[in-house]
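Shown below: entry-v9.txt, with compact mmCIF, C-alpha atoms and all ligand atoms.
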# COMPACT_ATOMS: atom_id res chain seq x y z
CA MET A 27 45.82 -66.49 60.85
CA THR A 28 43.14 -65.10 58.55
CA SER A 29 44.46 -62.71 55.97
CA LEU A 30 43.96 -58.98 56.30
CA THR A 31 41.08 -57.42 54.32
CA ASN A 32 42.16 -54.66 51.98
CA LEU A 33 39.40 -52.09 52.48
CA LEU A 34 40.02 -50.77 48.95
CA ASP A 35 38.38 -53.95 47.66
CA LEU A 36 35.06 -53.00 49.30
CA ASP A 37 32.47 -50.88 47.53
CA PRO A 38 30.14 -48.65 49.60
CA ALA A 39 27.68 -51.45 50.39
CA GLY A 40 30.55 -53.85 51.08
CA LEU A 41 32.07 -51.46 53.59
CA VAL A 42 28.71 -51.07 55.38
CA ASN A 43 28.51 -54.88 55.63
CA TYR A 44 32.05 -55.06 56.87
CA CYS A 45 31.33 -52.51 59.61
CA ASP A 46 28.16 -54.39 60.50
CA GLU A 47 30.21 -57.54 61.00
CA LEU A 48 32.38 -55.56 63.41
CA GLY A 49 29.24 -54.41 65.25
CA GLU A 50 29.56 -50.86 63.90
CA LYS A 51 26.84 -48.56 62.55
CA PRO A 52 26.61 -47.71 58.83
CA PHE A 53 27.80 -44.14 59.37
CA ARG A 54 31.17 -45.54 60.44
CA ALA A 55 31.52 -46.93 56.93
CA LYS A 56 30.99 -43.46 55.53
CA GLN A 57 33.60 -42.00 57.84
CA LEU A 58 36.06 -44.72 56.92
CA GLN A 59 35.39 -44.24 53.25
CA ARG A 60 36.02 -40.51 53.52
CA TRP A 61 39.34 -41.08 55.26
CA ILE A 62 40.41 -43.60 52.67
CA HIS A 63 39.17 -42.02 49.44
CA GLN A 64 38.78 -38.31 50.15
CA PHE A 65 41.69 -37.73 52.51
CA GLY A 66 44.05 -40.41 51.19
CA VAL A 67 44.84 -41.74 54.66
CA ASP A 68 46.15 -45.32 55.02
CA ARG A 69 46.75 -45.69 58.74
CA PHE A 70 43.76 -46.31 60.98
CA ASP A 71 45.52 -44.44 63.78
CA ASP A 72 45.36 -41.27 61.68
CA MET A 73 41.55 -41.55 61.33
CA THR A 74 41.01 -39.32 64.31
CA ASP A 75 37.20 -39.27 64.52
CA LEU A 76 36.96 -43.07 64.82
CA ALA A 77 36.83 -44.47 68.34
CA LYS A 78 40.17 -45.87 69.52
CA SER A 79 38.57 -49.29 70.01
CA LEU A 80 37.44 -49.36 66.37
CA ARG A 81 40.84 -48.21 65.16
CA SER A 82 42.56 -51.04 66.95
CA LYS A 83 39.96 -53.57 65.76
CA LEU A 84 40.63 -52.43 62.19
CA ALA A 85 44.40 -52.49 62.64
CA GLU A 86 44.15 -56.16 63.62
CA ARG A 87 42.14 -57.29 60.62
CA ALA A 88 42.33 -54.78 57.78
CA VAL A 89 44.71 -52.70 55.68
CA VAL A 90 44.39 -49.93 53.11
CA THR A 91 46.82 -50.77 50.33
CA SER A 92 46.92 -49.01 46.95
CA PRO A 93 48.85 -50.61 44.13
CA VAL A 94 52.42 -49.35 43.85
CA ALA A 95 53.62 -47.29 40.90
CA ILE A 96 56.94 -48.60 39.65
CA SER A 97 57.41 -45.75 37.23
CA ASP A 98 55.97 -42.29 36.81
CA HIS A 99 56.57 -40.15 33.75
CA THR A 100 55.18 -36.81 32.66
CA SER A 101 55.16 -35.92 28.98
CA SER A 102 55.94 -32.48 27.59
CA ASP A 103 52.18 -31.91 27.06
CA GLY A 104 51.44 -32.67 30.74
CA THR A 105 50.16 -36.22 30.19
CA ARG A 106 51.35 -38.32 33.12
CA LYS A 107 51.71 -42.06 33.04
CA TRP A 108 52.26 -44.53 35.82
CA LEU A 109 53.23 -48.14 35.38
CA VAL A 110 51.51 -49.93 38.23
CA ASP A 111 52.80 -53.16 39.72
CA VAL A 112 50.12 -55.81 40.06
CA GLY A 113 52.42 -58.57 41.27
CA GLN A 114 54.11 -61.59 39.70
CA GLY A 115 55.97 -59.42 37.26
CA ASN A 116 52.80 -57.93 35.77
CA ALA A 117 52.23 -54.24 35.33
CA VAL A 118 49.33 -52.17 34.01
CA GLU A 119 49.21 -48.54 32.95
CA THR A 120 47.31 -45.59 34.35
CA VAL A 121 47.33 -42.34 32.39
CA PHE A 122 46.29 -38.81 33.39
CA ILE A 123 45.40 -36.40 30.61
CA PRO A 124 45.04 -32.77 31.68
CA GLU A 125 42.93 -30.43 29.55
CA ASP A 126 41.79 -26.86 30.10
CA ASP A 127 38.43 -27.75 31.56
CA ARG A 128 39.00 -31.24 32.93
CA GLY A 129 41.50 -33.84 34.07
CA THR A 130 40.83 -37.35 32.77
CA LEU A 131 42.27 -40.53 34.20
CA CYS A 132 42.44 -43.64 32.06
CA ILE A 133 42.36 -46.80 34.16
CA SER A 134 43.16 -50.47 33.45
CA THR A 135 40.88 -53.31 34.52
CA GLN A 136 42.83 -56.46 33.60
CA ALA A 137 46.45 -57.48 33.20
CA GLY A 138 46.40 -58.40 29.50
CA CYS A 139 43.15 -59.09 27.65
CA ALA A 140 41.53 -62.20 26.23
CA VAL A 141 39.62 -60.46 23.42
CA ASN A 142 42.73 -60.21 21.26
CA CYS A 143 41.76 -57.43 18.85
CA LEU A 144 44.00 -57.41 15.81
CA PHE A 145 45.26 -53.84 16.30
CA CYS A 146 45.77 -53.90 20.09
CA SER A 147 49.03 -54.83 21.71
CA THR A 148 47.36 -55.46 25.07
CA GLY A 149 45.44 -58.20 23.28
CA LYS A 150 48.69 -59.54 21.85
CA GLN A 151 49.96 -60.13 25.39
CA GLY A 152 47.17 -62.58 26.06
CA PHE A 153 45.13 -62.61 29.23
CA ASN A 154 46.91 -62.66 32.49
CA ARG A 155 44.39 -61.96 35.23
CA ASN A 156 41.51 -59.81 36.38
CA LEU A 157 42.44 -56.88 38.59
CA ARG A 158 40.77 -56.75 41.98
CA ALA A 159 38.38 -53.89 42.78
CA GLY A 160 41.07 -52.41 45.03
CA GLU A 161 43.58 -52.48 42.19
CA ILE A 162 41.13 -50.66 39.90
CA ILE A 163 39.96 -47.98 42.34
CA GLY A 164 43.50 -47.96 43.73
CA GLN A 165 44.71 -46.51 40.40
CA LEU A 166 42.35 -43.55 40.86
CA ARG A 167 43.35 -43.14 44.48
CA MET A 168 47.07 -43.38 43.73
CA ALA A 169 46.81 -40.90 40.83
CA GLU A 170 44.56 -38.41 42.61
CA PHE A 171 46.83 -38.17 45.63
CA ALA A 172 50.01 -38.16 43.53
CA LEU A 173 48.59 -35.22 41.54
CA ARG A 174 47.63 -33.42 44.75
CA ALA A 175 51.09 -34.03 46.17
CA SER A 176 52.63 -32.46 43.06
CA LYS A 177 50.59 -29.36 43.84
CA GLY A 178 51.74 -29.35 47.43
CA ILE A 179 48.44 -30.67 48.85
CA PRO A 180 49.30 -33.26 51.54
CA PRO A 181 47.15 -36.29 52.44
CA GLY A 182 44.87 -35.87 55.44
CA VAL A 183 43.22 -32.65 54.21
CA LYS A 184 40.22 -32.31 51.94
CA GLY A 185 42.14 -30.96 48.96
CA GLU A 186 40.94 -29.70 45.61
CA ARG A 187 40.00 -32.58 43.33
CA GLN A 188 42.44 -33.08 40.46
CA ILE A 189 40.68 -35.80 38.48
CA SER A 190 37.27 -34.81 37.11
CA ASN A 191 36.68 -37.63 34.61
CA VAL A 192 37.51 -41.32 34.54
CA VAL A 193 37.57 -43.65 31.55
CA LEU A 194 37.91 -47.43 31.81
CA MET A 195 39.92 -47.50 28.60
CA GLY A 196 43.27 -48.77 29.76
CA MET A 197 44.42 -52.35 29.52
CA GLY A 198 41.75 -55.04 29.60
CA GLU A 199 38.06 -55.49 28.90
CA PRO A 200 36.13 -54.04 31.87
CA LEU A 201 32.95 -56.00 31.14
CA LEU A 202 34.88 -59.28 31.33
CA ASN A 203 35.90 -58.26 34.85
CA PHE A 204 32.43 -57.10 35.67
CA ASP A 205 32.10 -57.35 39.45
CA ALA A 206 35.42 -55.72 40.28
CA SER A 207 34.87 -52.98 37.68
CA VAL A 208 31.38 -52.22 39.01
CA SER A 209 32.61 -52.11 42.62
CA ALA A 210 35.23 -49.58 41.54
CA LEU A 211 32.62 -47.59 39.56
CA LYS A 212 30.36 -47.43 42.61
CA LEU A 213 33.19 -45.86 44.60
CA MET A 214 33.87 -43.36 41.81
CA LEU A 215 30.24 -42.25 41.98
CA ASP A 216 29.77 -42.29 45.75
CA ASP A 217 29.60 -38.90 47.46
CA ASN A 218 31.64 -40.20 50.36
CA ALA A 219 34.38 -41.38 48.02
CA TYR A 220 35.11 -39.62 44.69
CA GLY A 221 31.64 -38.17 44.00
CA LEU A 222 31.98 -38.11 40.21
CA SER A 223 28.83 -37.70 38.15
CA ARG A 224 27.76 -40.66 36.00
CA ARG A 225 28.30 -38.55 32.92
CA ARG A 226 31.96 -38.13 33.78
CA VAL A 227 32.70 -41.81 34.16
CA THR A 228 32.95 -43.86 30.96
CA VAL A 229 33.22 -47.60 30.45
CA SER A 230 34.71 -48.65 27.12
CA THR A 231 33.83 -52.11 25.86
CA SER A 232 34.60 -54.23 22.84
CA GLY A 233 30.96 -55.37 22.97
CA VAL A 234 30.21 -57.96 25.66
CA VAL A 235 26.47 -57.82 24.98
CA PRO A 236 24.99 -59.49 28.12
CA MET A 237 27.23 -57.40 30.34
CA ILE A 238 26.22 -54.16 28.59
CA ASP A 239 22.68 -54.99 29.71
CA ARG A 240 23.82 -55.71 33.26
CA LEU A 241 25.81 -52.50 33.41
CA GLY A 242 22.70 -50.59 32.34
CA GLN A 243 20.74 -52.14 35.15
CA GLU A 244 23.33 -52.10 37.91
CA CYS A 245 25.48 -49.05 37.32
CA PRO A 246 24.68 -46.97 34.25
CA VAL A 247 27.58 -44.69 33.40
CA ALA A 248 28.57 -43.22 30.03
CA LEU A 249 29.26 -45.98 27.52
CA ALA A 250 31.84 -46.14 24.75
CA VAL A 251 31.70 -49.09 22.37
CA SER A 252 34.76 -50.06 20.35
CA LEU A 253 33.17 -50.57 16.95
CA HIS A 254 36.10 -50.38 14.49
CA ALA A 255 34.20 -51.99 11.63
CA SER A 256 31.06 -51.40 9.61
CA ASN A 257 30.15 -55.02 8.87
CA ASP A 258 30.37 -58.39 10.58
CA GLU A 259 32.94 -59.88 8.24
CA LEU A 260 35.43 -57.11 8.95
CA ARG A 261 34.61 -56.89 12.64
CA ASN A 262 35.06 -60.65 13.07
CA ARG A 263 38.64 -60.10 11.96
CA LEU A 264 39.37 -56.95 13.95
CA VAL A 265 37.45 -57.71 17.16
CA PRO A 266 37.14 -61.52 17.44
CA LEU A 267 34.44 -61.17 20.12
CA ASN A 268 32.15 -60.15 17.26
CA ARG A 269 31.80 -63.83 16.30
CA LYS A 270 30.00 -64.35 19.58
CA HIS A 271 28.09 -61.06 19.64
CA PRO A 272 27.62 -59.82 16.08
CA LEU A 273 26.76 -56.25 15.12
CA ALA A 274 22.96 -56.54 15.08
CA GLU A 275 23.05 -57.89 18.63
CA LEU A 276 25.53 -55.22 19.69
CA MET A 277 23.40 -52.43 18.23
CA GLY A 278 20.39 -53.84 20.10
CA ALA A 279 22.35 -53.75 23.37
CA CYS A 280 23.41 -50.14 22.68
CA ARG A 281 19.82 -49.11 22.10
CA ARG A 282 18.66 -50.81 25.31
CA TYR A 283 21.52 -49.20 27.22
CA LEU A 284 20.33 -45.75 26.20
CA GLU A 285 17.19 -46.31 28.26
CA HIS A 286 19.39 -46.20 31.38
CA ALA A 287 22.40 -44.16 30.28
CA PRO A 288 23.24 -40.79 31.82
CA ARG A 289 23.85 -39.42 28.31
CA ASP A 290 21.57 -39.67 25.32
CA PHE A 291 24.19 -41.14 23.01
CA ILE A 292 26.69 -43.98 22.82
CA THR A 293 30.23 -43.09 21.82
CA PHE A 294 31.51 -45.38 19.09
CA GLU A 295 35.27 -45.65 19.02
CA TYR A 296 36.75 -46.39 15.65
CA CYS A 297 40.44 -47.10 15.23
CA MET A 298 41.53 -45.78 11.82
CA LEU A 299 43.51 -48.43 9.93
CA GLU A 300 44.76 -47.57 6.48
CA GLU A 301 42.95 -49.47 3.74
CA VAL A 302 41.38 -51.80 6.28
CA ASN A 303 38.39 -49.85 7.60
CA ASP A 304 38.91 -46.25 6.43
CA THR A 305 37.36 -45.97 2.97
CA GLU A 306 34.36 -43.96 1.87
CA SER A 307 32.26 -47.11 1.56
CA HIS A 308 33.07 -48.08 5.15
CA ALA A 309 31.88 -44.67 6.28
CA ARG A 310 28.63 -45.04 4.35
CA GLU A 311 28.10 -48.54 5.68
CA LEU A 312 28.58 -47.21 9.21
CA ILE A 313 25.93 -44.58 8.70
CA ALA A 314 23.51 -47.26 7.48
CA LEU A 315 24.40 -49.43 10.48
CA VAL A 316 23.61 -46.83 13.13
CA ARG A 317 20.62 -45.44 11.24
CA ASN A 318 19.07 -48.88 10.63
CA ARG A 319 15.35 -48.29 10.71
CA ALA A 320 14.60 -51.29 12.91
CA ASN A 321 17.43 -50.53 15.30
CA PRO A 322 18.70 -46.93 15.17
CA VAL A 323 21.29 -45.92 17.77
CA SER A 324 21.82 -42.35 18.90
CA CYS A 325 25.59 -41.98 18.81
CA LYS A 326 28.76 -39.97 18.39
CA PHE A 327 31.91 -41.21 16.71
CA ASN A 328 35.40 -40.88 18.06
CA LEU A 329 37.96 -41.69 15.38
CA ILE A 330 41.23 -42.91 16.91
CA PRO A 331 44.33 -42.75 14.73
CA PHE A 332 45.86 -46.23 15.01
CA ASN A 333 48.85 -46.26 17.30
CA PRO A 334 51.27 -48.64 15.60
CA PHE A 335 53.35 -51.19 17.47
CA PRO A 336 56.06 -53.56 16.24
CA SER A 337 54.86 -56.50 14.16
CA SER A 338 51.24 -55.34 13.96
CA GLY A 339 51.44 -55.27 10.17
CA LEU A 340 48.91 -52.43 10.20
CA ARG A 341 49.25 -48.74 9.36
CA ARG A 342 47.63 -45.59 10.67
CA SER A 343 45.30 -43.87 8.18
CA SER A 344 46.67 -40.59 6.87
CA PRO A 345 45.31 -37.37 8.41
CA ALA A 346 43.62 -36.60 5.06
CA ARG A 347 41.84 -39.98 5.08
CA ILE A 348 40.72 -39.49 8.65
CA GLN A 349 39.39 -36.01 7.85
CA ALA A 350 37.55 -37.28 4.76
CA PHE A 351 36.04 -40.13 6.79
CA ALA A 352 34.96 -37.74 9.54
CA LYS A 353 33.39 -35.41 6.99
CA ILE A 354 31.18 -38.16 5.56
CA LEU A 355 29.86 -38.99 9.02
CA MET A 356 29.40 -35.33 9.92
CA ASP A 357 27.63 -34.56 6.65
CA ALA A 358 25.17 -37.27 7.64
CA GLY A 359 24.58 -35.38 10.90
CA ILE A 360 26.65 -37.61 13.19
CA VAL A 361 28.84 -35.75 15.68
CA THR A 362 32.37 -36.97 15.04
CA THR A 363 35.63 -36.16 16.79
CA VAL A 364 39.16 -37.24 15.98
CA ARG A 365 41.16 -38.17 19.04
CA LYS A 366 44.25 -36.09 19.57
CA THR A 367 47.29 -38.16 20.26
CA ARG A 368 48.66 -37.21 23.64
CA GLY A 369 51.75 -38.10 25.56
CA ASP A 370 53.50 -39.39 22.45
CA ASP A 371 56.93 -38.80 23.92
CA ILE A 372 56.16 -41.10 26.85
CA ASP A 373 54.10 -43.50 24.75
CA ALA A 374 50.90 -42.80 26.67
CA ALA A 375 48.18 -42.37 24.10
CA CYS A 376 45.08 -43.19 26.08
CA GLY A 377 43.18 -46.10 24.68
CA GLN A 378 46.37 -47.52 23.31
CA LEU A 379 48.16 -48.26 26.44
CA ALA A 380 50.09 -51.04 25.02
CA GLY A 381 52.41 -49.58 22.38
CA GLU A 382 55.44 -50.94 24.14
CA VAL A 383 53.82 -52.33 27.21
CA LYS A 384 54.02 -55.76 25.77
CA ASP A 385 57.76 -55.47 25.72
CA ARG A 386 57.83 -53.79 29.08
CA THR A 387 55.58 -56.34 30.65
CA ASN A 388 57.69 -59.07 29.19
CA VAL A 389 60.72 -57.37 30.65
CA LEU A 390 58.99 -57.43 34.00
CA GLY A 391 58.07 -61.07 33.44
CA ARG A 392 61.62 -62.04 32.56
CA MET A 393 62.95 -60.12 35.52
CA ALA A 394 60.48 -61.89 37.77
CA LYS A 395 61.97 -65.18 36.68
CA MET A 396 65.54 -64.01 37.05
CA THR A 397 65.33 -62.17 40.35
CA ASP A 398 63.36 -62.22 43.52
CA TYR A 399 61.16 -59.45 42.29
CA GLN A 400 58.71 -58.40 45.00
CA SER A 401 56.04 -55.74 44.69
CA GLY A 402 57.34 -52.33 45.32
CA SER A 403 61.01 -53.19 44.96
CA GLY A 404 61.15 -52.00 41.42
CA GLY A 405 64.05 -49.55 41.32
CA LYS A 406 66.12 -51.79 39.11
CA LEU A 407 63.18 -52.57 36.92
CA ILE A 408 62.48 -48.93 36.22
CA MET A 409 65.97 -48.52 34.84
CA ILE A 410 65.57 -51.53 32.64
CA ARG A 411 62.25 -50.29 31.42
CA GLU A 412 63.73 -46.92 30.54
CA LYS A 413 66.31 -48.51 28.33
CA HIS A 414 63.47 -49.98 26.33
CA ALA A 415 61.27 -46.87 26.33
N1 LIG B 1 38.81 -53.32 26.12
C1 LIG B 1 38.08 -52.11 26.04
C2 LIG B 1 38.78 -50.94 26.69
C3 LIG B 1 40.25 -50.82 26.52
S1 LIG B 1 40.84 -50.49 24.90
C4 LIG B 1 37.75 -51.79 24.59
O1 LIG B 1 38.27 -52.45 23.71
O2 LIG B 1 36.95 -50.89 24.39
C5 LIG B 1 40.42 -48.77 24.72
C6 LIG B 1 40.33 -48.30 23.28
O3 LIG B 1 41.62 -48.25 22.65
C7 LIG B 1 39.48 -49.20 22.43
O4 LIG B 1 38.61 -48.46 21.62
C8 LIG B 1 40.53 -49.88 21.62
O5 LIG B 1 39.97 -50.42 20.47
C9 LIG B 1 41.52 -48.80 21.36
N2 LIG B 1 42.82 -49.30 20.90
C10 LIG B 1 43.43 -50.45 21.22
N3 LIG B 1 44.62 -50.57 20.57
C11 LIG B 1 44.75 -49.46 19.82
C12 LIG B 1 45.76 -48.98 18.93
N4 LIG B 1 46.88 -49.70 18.68
N5 LIG B 1 45.59 -47.78 18.34
C13 LIG B 1 44.48 -47.06 18.61
N6 LIG B 1 43.48 -47.45 19.43
C14 LIG B 1 43.62 -48.64 20.03
FE1 LIG B 2 41.12 -56.10 24.81
FE2 LIG B 2 40.14 -53.65 24.26
FE3 LIG B 2 42.60 -54.42 23.42
FE4 LIG B 2 40.44 -55.49 22.30
S1 LIG B 2 41.05 -53.31 22.22
S2 LIG B 2 42.28 -56.60 22.96
S3 LIG B 2 39.08 -55.63 24.05
S4 LIG B 2 41.95 -54.15 25.52

structure tokens encoding of this file:
Amino acid sequence: MTSLTNLLDLDPAGLVNYCDELGEKPFRAKQLQRWIHQFGVDRFDDMTDLAKSLRSKLAERAVVTSPVAISDHTSSDGTRKWLVDVGQGNAVETVFIPEDDRGTLCISTQAGCAVNCLFCSTGKQGFNRNLRAGEIIGQLRMAEFALRASKGIPPGVKGERQISNVVLMGMGEPLLNFDASVSALKLMLDDNAYGLSRRRVTVSTSGVVPMIDRLGQECPVALAVSLHASNDELRNRLVPLNRKHPLAELMGACRRYLEHAPRDFITFEYCMLEEVNDTESHARELIALVRNRANPVSCKFNLIPFNPFPSSGLRRSSPARIQAFAKILMDAGIVTTVRKTRGDDIDAACGQLAGEVKDRTNVLGRMAKMTDYQSGSGGKLIMIREKHA
């Protein structure tokens, strides 16, 4: 028997092709997409404006399966975090950050990460596997409908949208899982799915230069680049990918990206590490880097206080250092923000989704070896995880 197609894996063009293979017109794909992504319906029988014959054809060969959340915690500041089962004892994190004027969801794109940045505990886990498109968009779908449910909005109705912004800043390097990430992005942007504007969807990358160019051509959304260092020697240490794509090359890619980008700046993320990258001379070197006459890049800086994790051997810069650093950049006319830490009590600072995930994921891994752990049967695991949280 051929395996069932999970329709969450199909982007808008993919769903049109799929319908075509079934002998159905393109507008059927739009209808299906609305049921799946706007109404949160899983069962083809509930998709009442599709012909009965199509519904039964779909029931024989397709499914709509979102990844399953094995834990769900809300912090005192409203930040909500799900640990999402991606099979074989692996889990990734999805975090919702409510603010007055927006609700941002931070999504993961890989289980683990091969880039292995010095200050990132996702990197310390090593690379496990790429998430499928359905597992990436499935995080948005799962979170959107969970948030609606908390407000008493049931599936099957066109409810008020809860998530207004998405950032691919969870676990993993989105541009090293390019095709699946772009399929998910296309669904985020599609009017018959989530209908988010390009400006409200951000990809964060450690600097995979050729893929920054491809993203600009195939699906330009807002871009955040994890810079973290003002010169190649330091960046080689902090972000090992820099040895392959050094700063001059990265700045060139940023400048080219701006020709396609929905915003007229790149956001540079900069993780503040005490005495490693946070001195006055680093700040001045950064200004020179982005103002380089041959290769200037229009940018904003987002300073992220380092989120420590066991055995990192690194420390977070003091608030005074961070403020002094920000002031130097701002005095040079560069818009600079300092990221607020959110969800501290549930360990859900966005962009640092790993704090204890390494341990948690290892717990899941160990459990997988010890028990017959199947997706979705995680009750026991949640308790174990909570002991470690
Ligand atoms: N791989 C992509 C996206 C995921 S990481 C990237 O590196 O951009 C998202 C952001 O969190 C990156 O800027 C990353 O450098 C930052 N980050 C990772 N570990 C962190 C930590 N321990 N403290 C603060 N920021 C961290
Ligand atoms: Fe991977 Fe990003 Fe972590 Fe670096 S910071 S190891 S690229 S997830």

Best match for closeness to ligand LIG 1 (chain B) among A:Gln59, A:Thr228, A:Gln349, A:Ser147, counting all atoms listed in the file: A:Ser147

Could you give me the centre and size, in Å to one decimal, of an axis-aligned box around all listed atoms of ligand LIG 2 (chain B) with 6 Å added on every side, as lines of an AutoDock Vina configuration file?
center_x = 40.8
center_y = -55.0
center_z = 23.9
size_x = 15.5
size_y = 15.3
size_z = 15.3

Enumerate, in order of chain and increasing residue number, the residues of chain A with an atom no farther than 9 Å from ligand LIG 1 (chain B), each with its shortest atom pair and distance in Å to one decimal, counting all atoms listed in the file, as a Markdown table.
| residue | atom | partner | partner_atom | distance |
| --- | --- | --- | --- | --- |
| A:Ile133 | CA | B:LIG1 | C3 | 8.9 |
| A:Ser134 | CA | B:LIG1 | C3 | 7.5 |
| A:Thr135 | CA | B:LIG1 | C3 | 8.4 |
| A:Cys139 | CA | B:LIG1 | N1 | 7.4 |
| A:Val141 | CA | B:LIG1 | N1 | 7.7 |
| A:Cys143 | CA | B:LIG1 | O5 | 7.4 |
| A:Leu144 | CA | B:LIG1 | N3 | 8.4 |
| A:Phe145 | CA | B:LIG1 | N4 | 5.0 |
| A:Cys146 | CA | B:LIG1 | N3 | 3.6 |
| A:Ser147 | CA | B:LIG1 | N3 | 6.2 |
| A:Thr148 | CA | B:LIG1 | N3 | 7.2 |
| A:Gly149 | CA | B:LIG1 | N3 | 8.1 |
| A:Val193 | CA | B:LIG1 | C2 | 8.8 |
| A:Leu194 | CA | B:LIG1 | C2 | 6.3 |
| A:Met195 | CA | B:LIG1 | C3 | 3.9 |
| A:Gly196 | CA | B:LIG1 | C3 | 4.9 |
| A:Met197 | CA | B:LIG1 | C3 | 5.4 |
| A:Gly198 | CA | B:LIG1 | N1 | 4.9 |
| A:Glu199 | CA | B:LIG1 | N1 | 3.6 |
| A:Pro200 | CA | B:LIG1 | N1 | 6.4 |
| A:Leu201 | CA | B:LIG1 | N1 | 8.2 |
| A:Leu202 | CA | B:LIG1 | N1 | 8.8 |
| A:Val229 | CA | B:LIG1 | C2 | 7.5 |
| A:Ser230 | CA | B:LIG1 | O2 | 4.2 |
| A:Thr231 | CA | B:LIG1 | O2 | 3.7 |
| A:Ser232 | CA | B:LIG1 | O1 | 4.2 |
| A:Gly233 | CA | B:LIG1 | O2 | 7.6 |
| A:Ala250 | CA | B:LIG1 | O2 | 7.0 |
| A:Val251 | CA | B:LIG1 | O2 | 5.9 |
| A:Ser252 | CA | B:LIG1 | O4 | 4.4 |
| A:Leu253 | CA | B:LIG1 | O4 | 7.5 |
| A:His254 | CA | B:LIG1 | O5 | 7.1 |
| A:Val265 | CA | B:LIG1 | O5 | 8.4 |
| A:Phe294 | CA | B:LIG1 | O4 | 8.1 |
| A:Glu295 | CA | B:LIG1 | O4 | 5.1 |
| A:Tyr296 | CA | B:LIG1 | O4 | 6.6 |
| A:Cys297 | CA | B:LIG1 | N6 | 5.2 |
| A:Met298 | CA | B:LIG1 | C13 | 7.5 |
| A:Leu299 | CA | B:LIG1 | N5 | 8.7 |
| A:Asn328 | CA | B:LIG1 | O4 | 9.0 |
| A:Leu329 | CA | B:LIG1 | N6 | 8.9 |
| A:Ile330 | CA | B:LIG1 | C13 | 5.5 |
| A:Pro331 | CA | B:LIG1 | C13 | 5.8 |
| A:Phe332 | CA | B:LIG1 | N5 | 3.7 |
| A:Asn333 | CA | B:LIG1 | N5 | 3.7 |
| A:Pro334 | CA | B:LIG1 | N4 | 5.5 |
| A:Phe335 | CA | B:LIG1 | N4 | 6.7 |
| A:Ser338 | CA | B:LIG1 | N4 | 8.5 |
| A:Arg342 | CA | B:LIG1 | N5 | 8.2 |
| A:Ala375 | CA | B:LIG1 | C13 | 8.1 |
| A:Cys376 | CA | B:LIG1 | O3 | 7.0 |
| A:Gly377 | CA | B:LIG1 | O3 | 3.3 |
| A:Gln378 | CA | B:LIG1 | C11 | 4.3 |
| A:Leu379 | CA | B:LIG1 | N3 | 7.2 |
| A:Ala380 | CA | B:LIG1 | N3 | 7.1 |
| A:Gly381 | CA | B:LIG1 | N4 | 6.7 |

Please produce an output containing C-alpha atoms for each residue in the selection, written as a compact mmCIF listing (two decimals), keeping the file's coordinate frame.
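That gives us result-v8.txt:
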# COMPACT_ATOMS: atom_id res chain seq x y z
CA ILE A 133 42.36 -46.80 34.16
CA SER A 134 43.16 -50.47 33.45
CA THR A 135 40.88 -53.31 34.52
CA CYS A 139 43.15 -59.09 27.65
CA VAL A 141 39.62 -60.46 23.42
CA CYS A 143 41.76 -57.43 18.85
CA LEU A 144 44.00 -57.41 15.81
CA PHE A 145 45.26 -53.84 16.30
CA CYS A 146 45.77 -53.90 20.09
CA SER A 147 49.03 -54.83 21.71
CA THR A 148 47.36 -55.46 25.07
CA GLY A 149 45.44 -58.20 23.28
CA VAL A 193 37.57 -43.65 31.55
CA LEU A 194 37.91 -47.43 31.81
CA MET A 195 39.92 -47.50 28.60
CA GLY A 196 43.27 -48.77 29.76
CA MET A 197 44.42 -52.35 29.52
CA GLY A 198 41.75 -55.04 29.60
CA GLU A 199 38.06 -55.49 28.90
CA PRO A 200 36.13 -54.04 31.87
CA LEU A 201 32.95 -56.00 31.14
CA LEU A 202 34.88 -59.28 31.33
CA VAL A 229 33.22 -47.60 30.45
CA SER A 230 34.71 -48.65 27.12
CA THR A 231 33.83 -52.11 25.86
CA SER A 232 34.60 -54.23 22.84
CA GLY A 233 30.96 -55.37 22.97
CA ALA A 250 31.84 -46.14 24.75
CA VAL A 251 31.70 -49.09 22.37
CA SER A 252 34.76 -50.06 20.35
CA LEU A 253 33.17 -50.57 16.95
CA HIS A 254 36.10 -50.38 14.49
CA VAL A 265 37.45 -57.71 17.16
CA PHE A 294 31.51 -45.38 19.09
CA GLU A 295 35.27 -45.65 19.02
CA TYR A 296 36.75 -46.39 15.65
CA CYS A 297 40.44 -47.10 15.23
CA MET A 298 41.53 -45.78 11.82
CA LEU A 299 43.51 -48.43 9.93
CA ASN A 328 35.40 -40.88 18.06
CA LEU A 329 37.96 -41.69 15.38
CA ILE A 330 41.23 -42.91 16.91
CA PRO A 331 44.33 -42.75 14.73
CA PHE A 332 45.86 -46.23 15.01
CA ASN A 333 48.85 -46.26 17.30
CA PRO A 334 51.27 -48.64 15.60
CA PHE A 335 53.35 -51.19 17.47
CA SER A 338 51.24 -55.34 13.96
CA ARG A 342 47.63 -45.59 10.67
CA ALA A 375 48.18 -42.37 24.10
CA CYS A 376 45.08 -43.19 26.08
CA GLY A 377 43.18 -46.10 24.68
CA GLN A 378 46.37 -47.52 23.31
CA LEU A 379 48.16 -48.26 26.44
CA ALA A 380 50.09 -51.04 25.02
CA GLY A 381 52.41 -49.58 22.38

Which residue gives the smallest distance to ligand LIG 2 (chain B) among A:Val302, A:Val118, A:Ile292, A:Leu222, with all atoms listed in the file counted?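 Smallest separation from ligand LIG 2 (chain B) among the options: A:Val118.
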
Between CA of Asp98 in chain A and CA of Gly129 in chain A, distance in Å (one decimal):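 Interatomic distance here is 17.0 Å.
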
Select, counting all atoms listed in the file, all protein, DNA and RNA residues no farther than 10 Å from (42.4, -58.2, 61.7) in file coordinates, and express the selection as a list in words.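 Using all atoms listed in the file, the matching residues come out as Met27, Thr28, Ser29, Leu30, Thr31, Ser82, Lys83, Leu84, Ala85, Glu86, Arg87, Ala88 and Val89 of chain A.
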